[in-house]
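A.B. asks: Got a structure for you, written out below as structure tokens; questions coming shortly.
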Amino acid sequence: MGEVVIGGGGEEEERRLPLLRSSHDSLLAPIKRTGNLWTAVAHIITGVIGSGVLSLAWCMAQLGWVAGPLCMLLFAAVTLISTFLLCDCYMSPDPESGPDRHRSYLEAVQIKLGEKSSWFCGAFVYVSLFGIGIAYTITSAISMRAIQKSNCYHKEGHEAACDYGDAVYMLLFGAIQIVMSQIPNFHHMDWLSVVAATMSFTYSFIGLGLGLAKTIGDGYIKGSLGGVPASTAIEKVWLVAQALGDIAFAYPYSLIVLEIQDTLTSPPPVSLTMKKASTMGIMITSLFYLLCGGFGYAAFGDDTPGNLLTGFGFYEPYWLIDFANACIVVHLVGGFQVYSQPLFGVVDRWLSERFPDSGFINNQYLVQIPFLPTFKLNLFRLCFRTIYVTSGTAIAMVFPYFNQVLGLIGALNFWPLAIYFPVQMYITQRNIESWSNQWIALQVFSVFCLGISIFGLTGSLEGLITEKLS
């Protein structure tokens with residue numbers, strides 16, 4: 001899953017952060033929309049491709065050469081269908097001429113499905129943001145450890161006992177995030193999105209290139225039709241479930257569809273442009289995912305690591321491994337704030353409105369540190385954001401399992417955010433009658449995806465518990 005800058009606090013934040021804005025916050029200054037087909041495609045690709053790509057070779061290894069590509073194409077098709085449904089929910093009552101626009105996912109849910117559904121949806125969004133922070137903590141720590149191991153192997157030899165823990169790196173990552181969480185408007189910095197996209201594509205292409213080079217160097221393609229063998233049938237089932245959860249983490253971008261659509265100019269109708277852009281974006285992303293997963297599996301076969309760049313199937317060139325993992329760390333250090341600041345902003349605004357006379361919540365204090373510019377400190381923000389980061393870091397340290405955590409987060413959010421709400425909003429938008437053929441088809445689609453989500457969630461939970469007890 002990639003990222004876009006989606007902001008956090010005050011009036012300026014509301015212009016930059018539609019994701020967590022409800023219909024009550026929609027009285028904003030007019031926006032000049034200049035986006036087109038190609039900018040939308042760029043936003044989609046940037047929003048989708050991210051740290052989830054690192055697990056795709058492992059997913060391919062669990063599923064094999066037949067089921068692996070088919071499952072990736074299945075998720076691509078499901079994501080595209082979900083996106084098409086959302087595209088028709090951007091404007092109402094008419095999906096092409098409106099005139100009313102719904103500039104965020106949460107706003108669309110609130111307008112079309114009501115306040116209760118909005119709260120339910122918001123809960124899943126907040127859990128998703130918190131979970132992504134945990135996943136980023138784990139991934140960053142693994143990458144920092146990989147840099148140390150890579151240098152050790154280069155210096156001491158590939159058979160050296162270069163074993164290091166990752167707890168120290170998680171604590172370091174958490175400490176950095178506590179400080180960065182207090183920086184005013186950090187999430188508003190335009191360069192953050194550019195850096196995130198650049199780092200994401202850099203380490204993804206390095207992983208793809210290394211897998212391709214190793215496959216060519218070996219002279220043959222490893223792997224099998226059925227994937228990695230397991231000692232028992234049930235163990236194989238759980239591994240397949242975890243792989244589906246990991247793919248679910250990598251694909252959907254439903255939360256930013258309406259944001260991207262809100263940047264498009266018309267004519268032609270923005271829904272038509274967005275559907276074309278989504279088709280192109282998903283096709284390009286799927287091809288890239290198939291290449292990354294396929295060449296990773298072809299290079300390592302049954303020994304494919306859970307994280308392509310940290311499992312040490314690659315030892316040389318060590319400097320390129322170091323650089324790729326450094327890109328991951330830089331990407332995720334900023335990415336953590338991208339996904340955390342929206343939640344911070346919601347909590348700040350809600351408590352400020354609820355307790356307007358509380359000095360602890362609302363007062364700002366000027367703080368002067370030698371050699372640094374004066375900055376404003378809010379005691380509540382300091383306490384809450386420190387507790388938030390600390391709790392996420394603690395969970396990551398208790399469950400530092402990359403593939404299982406990604407699978408858990410992916411499966412948990414896949415059905416409600418990528419399937420259920422888009423389907424229900426589309427039914428409401430189109431006034432589809434219950435038990436009509438179209439209504440039945442949409443419900444079957446939703447139930448099918450719910451089954452995938454439950455299967456992936458169960459397998460990831462089983463893997464998480466097994467790893468913890470082993």
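Following the order of the structure tokens, chains are lettered A, B, ..., residues in each are numbered from 1, and ligands are numbered from 1.
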Looking only at the backbone, which of the residues in range 60-96 of chain A does DSSP tag as strand (DSSP E or B), as a PDB file with N, CA, C and O atoms, in the first residue's frame?
C.D. replies:
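Final file, selection-v2.pdb:
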ATOM      1  N   MET A  91     -20.541  12.044  -7.239  1.00  0.00           N
ATOM      2  CA  MET A  91     -21.527  13.095  -7.408  1.00  0.00           C
ATOM      3  C   MET A  91     -22.936  12.531  -7.211  1.00  0.00           C
ATOM      4  O   MET A  91     -23.182  11.349  -7.461  1.00  0.00           O
ATOM      5  N   SER A  92     -23.835  13.375  -6.749  1.00  0.00           N
ATOM      6  CA  SER A  92     -25.217  12.955  -6.573  1.00  0.00           C
ATOM      7  C   SER A  92     -26.142  14.157  -6.769  1.00  0.00           C
ATOM      8  O   SER A  92     -25.706  15.304  -6.614  1.00  0.00           O
ATOM      9  N   PRO A  93     -27.372  13.948  -7.147  1.00  0.00           N
ATOM     10  CA  PRO A  93     -27.982  12.630  -7.349  1.00  0.00           C
ATOM     11  C   PRO A  93     -27.558  11.938  -8.636  1.00  0.00           C
ATOM     12  O   PRO A  93     -27.663  10.729  -8.745  1.00  0.00           O
ATOM     13  N   ASP A  94     -27.073  12.706  -9.622  1.00  0.00           N
ATOM     14  CA  ASP A  94     -26.630  12.095 -10.873  1.00  0.00           C
ATOM     15  C   ASP A  94     -25.128  11.846 -10.806  1.00  0.00           C
ATOM     16  O   ASP A  94     -24.359  12.749 -10.448  1.00  0.00           O
TER      17      ASP A  94
END
A.B. asks: May I have the residues within 12 Å of Met180 in chain A as a PyMOL selection string, using only C-alpha atoms and disregarding those fewer than 6 positions away in the same chain?
C.D. replies: chain A and resi 173-174+186-187+333-338+340-341+382+385-386+389
A.B. asks: What's the separation between CA of Lys214 in chain A and CA of Glu316 in chain A, in Å to one decimal place?
C.D. replies: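 Computing it gives 10.5 Å between the two atoms.
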A.B. asks: With a distance cut-off of 12 Å and only C-alpha atoms, select the neighbouring residues of Ile260 in chain A, excluding the residue or stretch itself and same-chain residues fewer than 3 positions from it, and output the selection as a PyMOL selection string.
C.D. replies: chain A and resi 4-6+16-19+33-47+83+86-87+90+102-105+253-257+263-265+270-271+273-275+277-278
A.B. asks: Please provide the set of residues having any atom within 8 Å of range 113-128 of chain A, restricted to only C-alpha atoms, with same-chain residues fewer than 5 positions apart removed, written as a list in words.
C.D. replies: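 My list of contacting residues is Leu20, Leu106, Glu107, Leu343, Ile409, Asn413, Pro416, Leu417, Phe421, Gln424, Met425 and Thr428 of chain A.
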A.B. asks: Ala241 in chain A: which residues within 8 Å, counting only C-alpha atoms, same-chain residues fewer than 6 positions away excluded, as a PyMOL selection string?
C.D. replies: chain A and resi 455-460
A.B. asks: I need the residue nearest Ser286 in chain A from this list: A:Pro252, A:Pro373, A:Gly359, A:Gly345. Use only C-alpha atoms for the distance.
C.D. replies: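 The shortest atom-to-atom distance to Ser286 in chain A comes from A:Pro252.
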A.B. asks: Out of A:Trp415, A:Tyr251, A:Phe75, A:Tyr164, which residue has the shortest atom-to-atom distance to Val48 in chain A when counting only C-alpha atoms?
C.D. replies: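 The answer is A:Tyr251, which sits nearest to Val48 in chain A.
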A.B. asks: With a cut-off of 12 Å, could you pull out the residues of range 243-323 of chain A touching range 396-402 of chain A and give me the nearest pair of atoms for each, distance in Å to one decimal, using only C-alpha atoms, ordered by chain and ascending number, as a tab-separated table?
C.D. replies:
residue	atom	partner	partner_atom	distance
A:Ala243	CA	A:Phe402	CA	11.8
A:Gly245	CA	A:Phe402	CA	11.9
A:Asp246	CA	A:Phe402	CA	9.6
A:Phe249	CA	A:Phe402	CA	11.9
A:Pro305	CA	A:Phe402	CA	10.8
A:Gly306	CA	A:Phe402	CA	7.3
A:Asn307	CA	A:Phe402	CA	7.6
A:Leu308	CA	A:Phe402	CA	11.3
A:Thr310	CA	A:Phe402	CA	10.6
A:Gly311	CA	A:Phe402	CA	11.0
A.B. asks: For Leu208 in chain A, list every protein, DNA or RNA residue within 8 Å, evaluated using only C-alpha atoms, and leave out those in the same chain fewer than 3 positions away; present the list as number ranges by chain.
C.D. replies: A: 204-205, 211-212, 291-292, 295-296
